[in-house]
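**Student:** Below is input01.cif; it holds mmCIF, C-alpha atoms.
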data_structure
#
loop_
_atom_site.label_atom_id
_atom_site.label_comp_id
_atom_site.auth_asym_id
_atom_site.auth_seq_id
_atom_site.Cartn_x
_atom_site.Cartn_y
_atom_site.Cartn_z
CA MET H 1 0.00 0.00 0.00
CA SER H 2 1.51 3.25 -1.05
CA GLN H 3 1.05 6.47 0.73
CA THR H 4 0.82 9.77 -1.05
CA ALA H 5 1.90 12.85 0.80
CA THR H 6 -0.58 15.70 0.48
CA HIS H 7 0.40 19.30 0.83
CA ASP H 8 -2.10 21.99 1.69
CA THR H 9 -1.23 24.91 -0.55
CA THR H 10 -3.85 27.23 0.93
CA PRO H 11 -2.04 30.13 2.61
CA ALA H 12 -2.54 30.20 6.37
CA VAL H 13 -4.86 32.91 7.65
CA PRO H 14 -3.19 34.94 10.42
CA ALA H 15 -4.80 34.80 13.85
CA GLY H 16 -5.58 38.54 13.71
CA VAL H 17 -7.58 38.09 10.52
CA LEU H 18 -9.50 35.18 12.02
CA GLY H 19 -10.30 37.28 15.06
CA LYS H 20 -11.54 40.12 12.87
CA ARG H 21 -13.73 37.77 10.89
CA ALA H 22 -15.15 36.22 14.04
CA GLY H 23 -15.90 39.74 15.25
CA LEU H 24 -17.73 40.54 12.02
CA LEU H 25 -19.90 37.43 12.32
CA LEU H 26 -20.64 38.04 16.00
CA GLY H 27 -21.39 41.70 15.27
CA ALA H 28 -23.90 40.77 12.58
CA LEU H 29 -25.59 38.24 14.84
CA ALA H 30 -25.71 40.75 17.69
CA LEU H 31 -27.28 43.42 15.50
CA VAL H 32 -29.97 41.04 14.24
CA GLY H 33 -30.61 39.80 17.78
CA LEU H 34 -30.88 43.30 19.22
CA VAL H 35 -33.36 44.42 16.57
CA ALA H 36 -35.39 41.21 17.04
CA VAL H 37 -35.53 41.69 20.82
CA PHE H 38 -36.16 45.44 20.96
CA ALA H 39 -38.26 45.90 17.79
CA GLY H 40 -39.68 42.47 16.96
CA ALA H 41 -38.77 39.17 15.31
CA ARG H 42 -39.98 40.25 11.87
CA TYR H 43 -37.72 43.29 11.91
CA GLY H 44 -34.73 41.25 13.04
CA MET H 45 -35.30 38.82 10.18
CA LEU H 46 -35.55 41.65 7.66
CA LEU H 47 -32.25 43.07 8.87
CA ALA H 48 -30.77 39.58 8.43
CA ILE H 49 -32.20 39.39 4.90
CA GLY H 50 -30.72 42.81 4.14
CA LEU H 51 -27.34 41.65 5.43
CA GLY H 52 -27.72 38.64 3.15
CA PHE H 53 -28.38 40.91 0.16
CA GLY H 54 -25.31 42.96 0.97
CA VAL H 55 -23.08 39.93 1.46
CA ALA H 56 -24.38 38.26 -1.72
CA LEU H 57 -24.10 41.34 -3.94
CA GLU H 58 -20.65 42.39 -2.70
CA GLY H 59 -19.34 38.90 -2.02
CA MET H 60 -20.24 37.57 -5.46
CA ARG H 61 -19.60 40.90 -7.19
CA PHE H 62 -23.07 40.87 -8.64
CA GLY H 63 -25.23 43.84 -9.46
CA PHE H 64 -27.35 45.58 -12.06
CA ALA H 65 -25.46 48.57 -13.51
CA GLY H 66 -22.29 46.61 -14.29
CA PRO H 67 -23.99 43.79 -16.23
CA TRP H 68 -26.01 46.28 -18.27
CA ARG H 69 -22.78 48.11 -19.10
CA ALA H 70 -21.12 44.80 -20.05
CA MET H 71 -24.02 43.98 -22.37
CA ILE H 72 -24.10 47.40 -24.01
CA LEU H 73 -20.35 47.94 -24.37
CA ARG H 74 -18.99 44.41 -24.86
CA ARG H 75 -22.17 42.45 -25.61
CA GLU H 76 -21.50 40.12 -22.65
CA PRO H 77 -24.91 38.78 -21.62
CA SER H 78 -24.05 36.72 -18.53
CA GLY H 79 -24.95 39.30 -15.88
CA VAL H 80 -28.19 40.43 -17.51
CA ILE H 81 -29.29 36.84 -18.06
CA ALA H 82 -28.52 36.10 -14.41
CA GLN H 83 -30.75 39.02 -13.40
CA LEU H 84 -33.57 37.61 -15.52
CA LEU H 85 -32.97 34.10 -14.12
CA SER H 86 -33.27 35.47 -10.60
CA ILE H 87 -36.46 37.34 -11.48
CA ALA H 88 -37.92 34.18 -13.04
CA VAL H 89 -37.21 32.10 -9.94
CA VAL H 90 -38.86 34.71 -7.72
CA ALA H 91 -41.84 34.94 -10.08
CA ILE H 92 -42.40 31.17 -9.95
CA VAL H 93 -42.86 31.45 -6.18
CA ALA H 94 -44.23 34.98 -5.78
CA ILE H 95 -47.02 35.13 -8.34
CA PRO H 96 -48.82 32.01 -7.02
CA LEU H 97 -48.28 33.18 -3.42
CA LEU H 98 -49.79 36.58 -4.23
CA ALA H 99 -52.79 34.84 -5.76
CA SER H 100 -53.32 32.53 -2.80
CA HIS H 101 -52.68 35.13 -0.06
CA PRO H 102 -54.28 38.39 -1.23
CA GLY H 103 -53.98 41.13 1.37
CA GLU H 104 -51.37 39.35 3.42
CA LEU H 105 -48.90 39.72 0.55
CA VAL H 106 -48.72 42.56 -1.95
CA GLY H 107 -46.72 42.86 -5.16
CA ALA H 108 -44.66 45.74 -6.51
CA GLN H 109 -47.49 46.78 -8.73
CA ALA H 110 -47.78 50.31 -10.09
CA PRO H 111 -49.25 52.17 -13.07
CA VAL H 112 -47.46 52.84 -16.33
CA GLY H 113 -47.47 56.54 -17.16
CA PHE H 114 -45.54 59.38 -18.78
CA ALA H 115 -43.63 60.28 -15.63
CA MET H 116 -43.00 56.63 -14.87
CA ILE H 117 -41.38 56.06 -18.26
CA GLY H 118 -39.38 59.29 -18.12
CA GLY H 119 -38.26 58.52 -14.59
CA ALA H 120 -37.05 55.07 -15.57
CA PHE H 121 -35.12 56.52 -18.52
CA VAL H 122 -33.37 59.10 -16.32
CA PHE H 123 -32.64 56.45 -13.68
CA GLY H 124 -31.09 54.17 -16.30
CA ALA H 125 -28.81 57.00 -17.45
CA CYS H 126 -27.81 58.06 -13.94
CA MET H 127 -27.11 54.52 -12.75
CA GLN H 128 -24.52 54.28 -15.53
CA ILE H 129 -23.03 57.69 -14.73
CA VAL H 130 -22.24 56.72 -11.13
CA LEU H 131 -22.13 52.98 -11.90
CA GLY H 132 -24.51 52.27 -9.07
CA CYS H 133 -28.21 51.55 -9.09
CA GLY H 134 -30.53 51.43 -6.06
CA SER H 135 -28.92 48.40 -4.49
CA GLY H 136 -25.54 49.10 -6.09
CA THR H 137 -25.21 52.53 -4.47
CA LEU H 138 -25.81 50.96 -1.05
CA VAL H 139 -23.39 48.09 -1.71
CA ASN H 140 -20.69 50.33 -3.14
CA ALA H 141 -21.00 52.84 -0.32
CA GLY H 142 -20.68 50.05 2.23
CA SER H 143 -17.55 48.68 0.60
CA GLY H 144 -15.90 52.10 0.47
CA ASN H 145 -16.54 53.38 -3.04
CA PRO H 146 -16.25 57.18 -2.63
CA VAL H 147 -18.54 57.99 -5.58
CA SER H 148 -21.41 55.95 -4.14
CA LEU H 149 -20.73 57.25 -0.65
CA LEU H 150 -21.22 60.81 -1.90
CA ALA H 151 -24.20 59.87 -4.10
CA LEU H 152 -26.07 58.11 -1.26
CA PRO H 153 -27.28 61.12 0.79
CA PHE H 154 -28.34 62.93 -2.39
CA PHE H 155 -30.12 59.75 -3.52
CA ALA H 156 -32.09 59.90 -0.26
CA LEU H 157 -32.88 63.62 -0.72
CA GLY H 158 -33.96 62.97 -4.31
CA SER H 159 -36.22 60.14 -3.23
CA PHE H 160 -37.80 62.39 -0.63
CA ALA H 161 -38.31 65.20 -3.15
CA GLY H 162 -39.62 62.85 -5.85
CA ALA H 163 -42.21 61.43 -3.46
CA TRP H 164 -43.14 64.99 -2.45
CA ASN H 165 -44.13 65.75 -6.06
CA LEU H 166 -45.26 62.25 -7.01
CA ILE H 167 -48.97 63.01 -7.30
CA TRP H 168 -48.33 66.00 -9.60
CA TRP H 169 -46.19 63.85 -11.89
CA THR H 170 -48.62 60.94 -11.90
CA ASP H 171 -51.46 63.30 -12.80
CA LEU H 172 -49.71 64.00 -16.11
CA GLY H 173 -51.21 60.75 -17.29
CA ALA H 174 -51.08 57.12 -16.29
CA LEU H 175 -52.82 53.87 -17.16
CA PRO H 176 -54.59 51.82 -14.52
CA ILE H 177 -52.35 49.29 -12.78
CA ILE H 178 -51.97 46.29 -15.07
CA THR H 179 -50.81 43.03 -13.53
CA PHE H 180 -50.13 39.50 -14.72
CA GLY H 181 -51.64 37.35 -11.99
CA GLY H 182 -52.42 33.69 -11.41
CA THR H 183 -51.25 30.82 -13.60
CA SER H 184 -51.75 32.68 -16.88
CA GLY H 185 -49.89 35.69 -15.48
CA LEU H 186 -46.99 33.50 -14.39
CA ILE H 187 -46.81 31.81 -17.78
CA LEU H 188 -46.88 35.18 -19.55
CA THR H 189 -44.14 36.53 -17.26
CA LEU H 190 -41.93 33.48 -17.89
CA VAL H 191 -42.51 33.70 -21.66
CA LEU H 192 -41.54 37.39 -21.64
CA ILE H 193 -38.42 36.59 -19.60
CA ALA H 194 -37.52 33.81 -22.07
CA LEU H 195 -37.97 36.24 -24.96
CA ALA H 196 -35.74 38.81 -23.24
CA VAL H 197 -33.08 36.15 -22.60
CA GLY H 198 -33.33 35.10 -26.24
CA LEU H 199 -32.87 38.69 -27.36
CA PHE H 200 -29.74 39.13 -25.24
CA LEU H 201 -28.32 35.80 -26.42
CA TRP H 202 -28.97 36.84 -30.02
CA ARG H 203 -27.13 40.12 -29.46
CA ALA H 204 -24.26 38.48 -27.51
CA ALA H 205 -20.77 38.73 -28.97
CA PRO H 206 -19.40 35.43 -30.30
CA GLY H 207 -17.41 33.51 -27.72
CA THR H 208 -18.81 35.30 -24.66
CA VAL H 209 -19.90 33.32 -21.64
CA LYS H 210 -23.68 33.09 -21.77
CA LEU H 211 -24.21 32.53 -18.03
CA SER H 212 -21.20 32.23 -15.75
CA ARG H 213 -21.30 29.95 -12.73
CA ARG H 214 -20.71 32.90 -10.38
CA HIS H 215 -23.58 34.85 -11.88
CA ALA H 216 -25.90 31.83 -11.77
CA ILE H 217 -25.16 31.18 -8.09
CA ALA H 218 -25.60 34.87 -7.26
CA ALA H 219 -28.92 34.91 -9.10
CA LEU H 220 -30.24 31.97 -7.09
CA VAL H 221 -29.05 33.38 -3.76
CA LEU H 222 -30.63 36.74 -4.59
CA ALA H 223 -33.88 35.00 -5.54
CA ALA H 224 -33.97 33.08 -2.25
CA LEU H 225 -33.45 36.30 -0.28
CA ALA H 226 -36.10 38.15 -2.31
CA ILE H 227 -38.61 35.38 -1.66
CA GLY H 228 -37.70 35.55 2.02
CA ASN H 229 -38.33 39.30 1.94
CA LEU H 230 -41.81 38.75 0.50
CA VAL H 231 -42.72 36.00 2.98
CA VAL H 232 -41.49 37.92 6.04
CA ALA H 233 -42.49 41.49 5.14
CA GLY H 234 -45.56 40.75 3.04
CA GLN H 235 -44.12 42.97 0.30
CA PRO H 236 -41.30 42.57 -2.21
CA TRP H 237 -37.74 43.78 -1.88
CA GLY H 238 -37.45 47.55 -2.36
CA VAL H 239 -34.83 50.22 -1.79
CA VAL H 240 -35.97 53.73 -2.71
CA TYR H 241 -38.88 54.21 -0.32
CA GLY H 242 -36.60 53.65 2.67
CA LEU H 243 -34.07 56.23 1.49
CA GLY H 244 -36.78 58.85 1.04
CA LEU H 245 -38.14 58.03 4.47
CA TRP H 246 -34.73 58.72 6.03
CA ALA H 247 -34.73 62.20 4.50
CA ALA H 248 -38.40 62.78 5.43
CA LYS H 249 -37.65 61.89 9.02
CA GLY H 250 -34.74 64.30 9.11
CA PHE H 251 -36.82 67.03 7.47
CA SER H 252 -39.59 66.54 10.01
CA VAL H 253 -37.27 66.53 13.04
CA LEU H 254 -35.59 69.70 11.79
CA GLY H 255 -38.98 71.43 11.81
CA GLY H 256 -40.00 70.93 8.18
CA ASP H 257 -43.70 70.86 7.39
CA LEU H 258 -44.72 67.70 5.56
CA SER H 259 -48.37 68.73 5.30
CA ALA H 260 -47.66 70.59 2.04
CA SER H 261 -46.98 67.29 0.31
CA ALA H 262 -49.90 65.05 -0.65
CA PHE H 263 -47.59 62.04 -0.40
CA TRP H 264 -45.87 62.71 2.90
CA SER H 265 -48.99 64.06 4.61
CA ALA H 266 -51.01 60.93 3.84
CA PRO H 267 -51.86 59.02 7.06
CA GLY H 268 -49.76 55.99 6.13
CA SER H 269 -46.72 58.15 5.33
CA MET H 270 -47.09 60.25 8.50
CA GLU H 271 -47.29 57.14 10.63
CA ARG H 272 -44.09 55.78 9.14
CA VAL H 273 -42.27 59.10 9.50
CA GLN H 274 -43.15 59.11 13.20
CA SER H 275 -42.24 55.44 13.71
CA SER H 276 -38.75 54.04 14.09
CA LEU H 277 -36.78 53.21 10.95
CA LEU H 278 -36.12 49.88 12.62
CA THR H 279 -39.77 49.02 11.93
CA ASP H 280 -39.66 50.05 8.27
CA TYR H 281 -38.98 47.12 5.96
CA THR H 282 -37.04 48.87 3.22
CA SER H 283 -34.99 50.84 5.75
CA LEU H 284 -34.00 47.62 7.48
CA THR H 285 -32.92 45.88 4.28
CA ASN H 286 -31.11 49.04 3.13
CA ILE H 287 -29.20 49.22 6.42
CA GLY H 288 -28.44 45.51 6.10
CA ILE H 289 -27.15 45.91 2.53
CA ILE H 290 -24.70 48.66 3.52
CA ALA H 291 -23.55 46.78 6.61
CA GLY H 292 -23.31 43.46 4.75
CA ALA H 293 -21.20 45.00 1.99
CA PHE H 294 -18.99 46.61 4.62
CA GLY H 295 -18.62 43.23 6.29
CA VAL H 296 -17.49 41.57 3.05
CA ALA H 297 -15.00 44.38 2.34
CA ALA H 298 -13.61 44.09 5.85
CA TRP H 299 -13.54 40.29 5.56
CA ARG H 300 -11.52 40.31 2.33
CA ARG H 301 -7.82 40.65 2.92
CA GLY H 302 -6.56 43.91 1.46
CA ALA H 303 -9.90 45.16 0.13
CA LEU H 304 -10.00 48.18 2.41
CA SER H 305 -6.34 49.05 1.89
CA ALA H 306 -6.88 49.87 -1.79
CA ALA H 307 -6.06 53.50 -2.54
CA LEU H 308 -8.97 55.82 -3.31
CA PRO H 309 -9.18 56.91 -6.95
CA GLY H 310 -8.85 60.56 -7.88
CA TYR H 311 -11.49 62.39 -9.91
CA PRO H 312 -11.75 65.92 -11.30
CA ALA H 313 -14.12 68.39 -9.63
CA ARG H 314 -16.75 68.01 -12.34
CA ALA H 315 -16.99 64.29 -11.54
CA TRP H 316 -17.95 65.06 -7.94
CA VAL H 317 -20.52 67.64 -9.09
CA ALA H 318 -21.90 65.07 -11.53
CA THR H 319 -22.09 62.52 -8.70
CA VAL H 320 -24.15 64.89 -6.55
CA VAL H 321 -26.54 65.70 -9.41
CA ALA H 322 -26.82 62.08 -10.58
CA GLY H 323 -27.33 60.89 -6.99
CA PHE H 324 -30.22 63.32 -6.53
CA LEU H 325 -31.70 62.34 -9.89
CA LEU H 326 -31.42 58.64 -9.03
CA GLY H 327 -33.66 59.22 -6.05
CA TYR H 328 -36.06 61.65 -7.71
CA SER H 329 -36.51 59.68 -10.92
CA SER H 330 -36.97 56.36 -9.17
CA ARG H 331 -39.92 57.74 -7.22
CA LEU H 332 -41.58 58.90 -10.43
CA ALA H 333 -40.83 55.50 -11.95
CA PHE H 334 -42.39 53.68 -8.97
CA GLY H 335 -39.12 52.05 -8.08
CA CYS H 336 -35.53 51.53 -9.07
CA ASN H 337 -33.84 48.46 -10.52
CA VAL H 338 -34.97 46.62 -7.38
CA GLY H 339 -38.49 47.88 -6.66
CA ALA H 340 -39.61 48.25 -10.28
CA PHE H 341 -37.42 46.00 -12.44
CA PHE H 342 -36.66 43.07 -10.11
CA SER H 343 -39.71 43.12 -7.85
CA GLY H 344 -42.15 44.58 -10.39
CA ILE H 345 -41.57 41.91 -13.01
CA SER H 346 -41.30 39.08 -10.48
CA THR H 347 -44.68 40.00 -8.97
CA GLY H 348 -46.40 40.39 -12.33
CA SER H 349 -46.53 44.16 -12.80
CA LEU H 350 -46.48 45.53 -16.34
CA HIS H 351 -44.67 48.62 -15.09
CA GLY H 352 -41.63 46.45 -14.33
CA TRP H 353 -41.28 45.57 -18.01
CA VAL H 354 -41.82 49.14 -19.18
CA TRP H 355 -39.27 50.28 -16.58
CA PHE H 356 -36.74 47.75 -17.93
CA VAL H 357 -37.05 48.97 -21.54
CA ALA H 358 -36.98 52.68 -20.63
CA ALA H 359 -34.07 52.35 -18.18
CA PHE H 360 -32.06 50.21 -20.61
CA CYS H 361 -32.48 52.93 -23.26
CA GLY H 362 -31.34 55.53 -20.73
CA ALA H 363 -28.30 53.41 -19.88
CA PHE H 364 -26.89 53.97 -23.39
CA TYR H 365 -26.79 57.72 -22.72
CA GLY H 366 -25.38 57.28 -19.21
CA ILE H 367 -22.50 55.23 -20.60
CA LYS H 368 -21.74 58.02 -23.10
CA LEU H 369 -21.93 60.71 -20.39
CA ARG H 370 -19.70 58.96 -17.82
CA PRO H 371 -16.34 59.76 -19.43
CA ILE H 372 -17.47 63.28 -20.40
CA LEU H 373 -18.28 63.94 -16.74
CA GLY H 374 -14.82 62.81 -15.68
CA LEU H 375 -15.83 59.57 -13.99
CA GLU H 376 -13.57 57.44 -16.19
CA ALA H 377 -10.75 57.92 -18.64
CA ARG H 378 -12.04 59.12 -22.00
CA SER H 379 -11.33 56.72 -24.82
CA MET I 1 -6.15 57.64 1.60
CA THR I 2 -7.63 54.18 1.29
CA ARG I 3 -11.05 52.61 1.13
CA ALA I 4 -10.81 51.98 4.87
CA LEU I 5 -11.65 55.67 5.33
CA THR I 6 -14.71 55.71 3.08
CA ALA I 7 -16.02 52.34 4.25
CA SER I 8 -15.68 53.56 7.84
CA LEU I 9 -17.57 56.72 6.91
CA SER I 10 -20.43 54.61 5.52
CA LEU I 11 -20.54 52.65 8.76
CA ALA I 12 -20.46 55.88 10.75
CA PHE I 13 -23.36 57.12 8.62
CA LEU I 14 -25.37 54.03 9.61
CA VAL I 15 -24.53 54.45 13.28
CA ALA I 16 -25.57 58.12 13.14
CA LEU I 17 -28.78 57.24 11.28
CA VAL I 18 -29.83 54.59 13.79
CA GLY I 19 -28.75 56.76 16.72
CA PHE I 20 -30.79 59.67 15.39
CA ASP I 21 -33.74 57.36 14.84
CA LEU I 22 -33.63 55.90 18.33
CA ALA I 23 -33.38 59.39 19.80
CA THR I 24 -36.50 60.54 17.97
CA SER I 25 -38.80 57.51 18.06
CA ASP I 26 -39.63 54.61 20.32
CA LEU I 27 -39.54 50.87 19.84
CA ASN I 28 -42.15 48.57 21.31
CA PRO I 29 -41.59 44.86 20.66
CA TYR I 30 -44.96 44.08 22.27
CA GLN I 31 -46.69 45.80 19.34
CA ALA I 32 -44.61 43.99 16.74
CA PRO I 33 -46.41 42.11 13.97
CA ALA I 34 -46.21 38.34 13.56
CA ALA I 35 -42.77 37.12 12.56
CA PHE I 36 -43.96 36.13 9.08
CA ALA I 37 -46.46 38.12 7.03
CA LEU I 38 -47.33 34.95 5.13
CA GLY I 39 -49.99 33.18 7.16
CA SER I 40 -50.39 36.03 9.64
CA GLY I 41 -53.86 37.01 8.46
CA ALA I 42 -52.86 40.68 8.69
CA VAL I 43 -53.05 43.07 5.76
CA ALA I 44 -49.64 44.17 4.44
CA SER I 45 -49.09 47.80 5.35
CA GLY I 46 -45.41 48.61 4.84
CA GLY I 47 -44.18 51.52 2.79
CA PHE I 48 -43.02 50.64 -0.70
CA CYS I 49 -41.63 52.59 -3.65
CA GLY I 50 -44.35 51.32 -5.99
CA ALA I 51 -47.23 52.35 -3.77
CA LEU I 52 -49.20 55.57 -4.02
CA PRO I 53 -50.00 57.24 -0.67
CA ASN I 54 -52.86 55.86 1.40
#
Represent the supplied structure as structure tokens.

**Tutor:**
Amino acid sequence: MSQTATHDTTPAVPAGVLGKRAGLLLGALALVGLVAVFAGARYGMLLAIGLGFGVALEGMRFGFAGPWRAMILRREPSGVIAQLLSIAVVAIVAIPLLASHPGELVGAQAPVGFAMIGGAFVFGACMQIVLGCGSGTLVNAGSGNPVSLLALPFFALGSFAGAWNLIWWTDLGALPIITFGGTSGLILTLVLIALAVGLFLWRAAPGTVKLSRRHAIAALVLAALAIGNLVVAGQPWGVVYGLGLWAAKGFSVLGGDLSASAFWSAPGSMERVQSSLLTDYTSLTNIGIIAGAFGVAAWRRGALSAALPGYPARAWVATVVAGFLLGYSSRLAFGCNVGAFFSGISTGSLHGWVWFVAAFCGAFYGIKLRPILGLEARS
Amino acid sequence: MTRALTASLSLAFLVALVGFDLATSDLNPYQAPAAFALGSGAVASGGFCGALPN
């Protein structure tokens, strides 16, 4: 009997790094536990789901703006197809659940209208300018991207302002809410997703990876978390509402009068402004996404020691403007890439599809504007 | 400067946000909803970016 010597080539992890990682895990558990004890179990679980989103998106380097850019610039379809795969998996679970539990569960369903389409177009452009969408801005800020860190507070202010004027914009003209529900709605949604995948595969550059393993795994993890969000919160994963609520709360505490806004003075809005953010679902998942992305960056060896990039002044001005427009436009569009595109389509809302087309068109312009605004080297 | 600075600032932002929130509103776990909305029998009432004001 021969013996073969085996050599472990994995580099040893220093004790200090192990201690830091253990601290990160314990910190995350403590945060979830504290929120569950002092706010309620549902809120603790939503913070945990948000942490999961942050860890998955940053840990697997998955997102929305980057894959769209890869498809438009290099005709690499893997990331976009993974997004559609994730949406399809959620739809298979969510649309039947919404049909069997009306009231308990609600979808991300909103009307298609002029402002909605224009808002989605502007959002698609701005998410390419700063290379961060709704979820991406949170993830990037958490992992130390200075552009997203600056964009985030203006995103929140824009969301607050967009909601303030939402009724005026919607009154410009909108269809009734159109949804694809039940078995026929699910089949229609899956057929539309298959057609979209087919379109991207048709436009893919020869030799590109059609769906990478990393993207496929990320898509499934994201889908599981999104389904968890729906089951726990009773509503789909969203981002933008929570950001606007943060600004509304600050505005109110500083003495601002919300009664001038039809949106913020509505009883439901007022109640949420006066309640703790730790009982608001989208705030909890947003906080979790930032913290989860920070945790992954801190976990990775050397990730936080990377030098910050330098940008010209006009790039920072563009970041402030684009950040504000991300928030404002996403309120008019009834959601961002998460609330409208991901959750809208996966819960059978027509507006999710219209959002996708309008935002993808806007992305072409955002990609052209990014180098002009100094956010990347001009080619 | 490194990303450690900006990532720390994002964490500080979260701490400030939660601190500000806790200073201006109360938590009451005894009024918390059921752990899972699914099967709770309660109508969903959370704020969402797709919803018009109620």

**Student:** Which residues, named as in the file, does the PyMOL selection byres ((chain I) within 6 of (chain H)) pick out? Answer as a PyMOL selection string.

**Tutor:** chain I and resi 1-4+6-7+10+25+27-29+32+35-38+42-44+48-50+53-54

**Student:** Counting all atoms listed in the file, which residues have an atom no more than 12 Å from (-30.7, 54.6, -25.4) in the file's coordinates? Please list them as a PyMOL selection string.

**Tutor:** chain H and resi 68+72+120-122+124-125+128+356-369

**Student:** Running the PyMOL selection byres ((chain H and resi 347) around 6) on this model by hand, what would come out? Give it as an MDAnalysis selection string.

**Tutor:** chainID H and resid 91 94:95 107 343:346 348:349

**Student:** By how many Å are CA of Trp202 in chain H and CA of Val93 in chain H apart?

**Tutor:**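 Separating CA of Trp202 in chain H from CA of Val93 in chain H is a distance of 28.1 Å.
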
**Student:** Taking (-17.8, 39.8, -21.1) in the coordinates of the supplied file, I want to know which residues reach to within 10 Å of it, counting all atoms listed in the file; could you give the answer as a PyMOL selection string?

**Tutor:** chain H and resi 67+69-71+73-79+204-205+207-210+212

**Student:** Report, as lines of an AutoDock Vina configuration file, the axis-aligned box around all atoms of range 9-17 of chain I present in the file, extended by 8 Å on each side; give centre and edge lengths in Å to one decimal place.

**Tutor:**
center_x = -23.2
center_y = 55.4
center_z = 9.4
size_x = 27.2
size_y = 21.5
size_z = 23.8

**Student:** Find the distance between CA of Ala34 in chain I and CA of Leu31 in chain H and write it in Å to one decimal.

**Tutor:**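 Here the two named atoms are 19.7 Å from each other.
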
**Student:** One number please: CA of Gly132 in chain H to CA of Met270 in chain H, in Å, one decimal.

**Tutor:**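 These atoms are spaced 29.7 Å apart.
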
**Student:** Could you give me, as a list of chain:residue names, the residues within 10 Å of Leu24 in chain H, counting all atoms listed in the file and dropping anything in the same chain fewer than 5 positions from it?

**Tutor:**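 The residues that qualify are H:Leu18, H:Gly19, H:Leu29, H:Ala30, H:Gly292, H:Phe294, H:Gly295, H:Val296, H:Ala298, H:Trp299.
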
**Student:** Smallest atom-to-atom distance to Gly46 in chain I: which of H:Leu220, H:Glu271, H:Leu84, H:Gly162, using only C-alpha atoms?

**Tutor:**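 Between H:Leu220, H:Glu271, H:Leu84, H:Gly162, the residue approaching Gly46 in chain I most closely is H:Glu271.
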
**Student:** Need the shell around range 312-315 of chain H: protein/DNA/RNA residues with any atom at most 9 Å away, counting all atoms listed in the file. Skip same-chain ones fewer than 2 positions apart. Format as a PyMOL selection string?

**Tutor:** chain H and resi 147+310+317-320+370+372-376

**Student:** Would you output that residue set with C-alpha atoms, as a PDB file, in the coordinates of the input?

**Tutor:**
ATOM      1  CA  VAL H 147     -18.540  57.990  -5.580  1.00  0.00           C
ATOM      2  CA  GLY H 310      -8.850  60.560  -7.880  1.00  0.00           C
ATOM      3  CA  VAL H 317     -20.520  67.640  -9.090  1.00  0.00           C
ATOM      4  CA  ALA H 318     -21.900  65.070 -11.530  1.00  0.00           C
ATOM      5  CA  THR H 319     -22.090  62.520  -8.700  1.00  0.00           C
ATOM      6  CA  VAL H 320     -24.150  64.890  -6.550  1.00  0.00           C
ATOM      7  CA  ARG H 370     -19.700  58.960 -17.820  1.00  0.00           C
ATOM      8  CA  ILE H 372     -17.470  63.280 -20.400  1.00  0.00           C
ATOM      9  CA  LEU H 373     -18.280  63.940 -16.740  1.00  0.00           C
ATOM     10  CA  GLY H 374     -14.820  62.810 -15.680  1.00  0.00           C
ATOM     11  CA  LEU H 375     -15.830  59.570 -13.990  1.00  0.00           C
ATOM     12  CA  GLU H 376     -13.570  57.440 -16.190  1.00  0.00           C
TER      13      GLU H 376
END

**Student:** Would you list the contacts of Ala322 in chain H as a PDB file with C-alpha atoms, keeping the file's coordinate frame, taking every protein, DNA or RNA residue within 8 Å and counting only C-alpha atoms, but skipping same-chain residues closer than 3 positions in sequence?

**Tutor:**
ATOM      1  CA  CYS H 126     -27.810  58.060 -13.940  1.00  0.00           C
ATOM      2  CA  MET H 127     -27.110  54.520 -12.750  1.00  0.00           C
ATOM      3  CA  ILE H 129     -23.030  57.690 -14.730  1.00  0.00           C
ATOM      4  CA  VAL H 130     -22.240  56.720 -11.130  1.00  0.00           C
ATOM      5  CA  ALA H 151     -24.200  59.870  -4.100  1.00  0.00           C
ATOM      6  CA  ALA H 318     -21.900  65.070 -11.530  1.00  0.00           C
ATOM      7  CA  THR H 319     -22.090  62.520  -8.700  1.00  0.00           C
ATOM      8  CA  LEU H 325     -31.700  62.340  -9.890  1.00  0.00           C
ATOM      9  CA  LEU H 326     -31.420  58.640  -9.030  1.00  0.00           C
TER      10      LEU H 326
END

**Student:** Tell me which residues the PyMOL selection byres ((chain H and resi 188) around 12) grabs here, as a ChimeraX atom specification.

**Tutor:** /H:88,91-92,95,179-187,189-195,345-350,353

**Student:** Check the smallest atom-to-atom distance from each of H:Ala82, H:Pro371, H:Pro176, H:Ala65 to Arg213 in chain H using all atoms listed in the file, then report the winner.

**Tutor:** H:Ala82

**Student:** Select, from H:Gly59, H:Val197, H:Gly136, H:Arg21, the residue with the minimum atom-to-atom distance to Leu211 in chain H, counting all atoms listed in the file.

**Tutor:**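 Going through H:Gly59, H:Val197, H:Gly136, H:Arg21 one by one, the smallest distance to Leu211 in chain H is for H:Val197.
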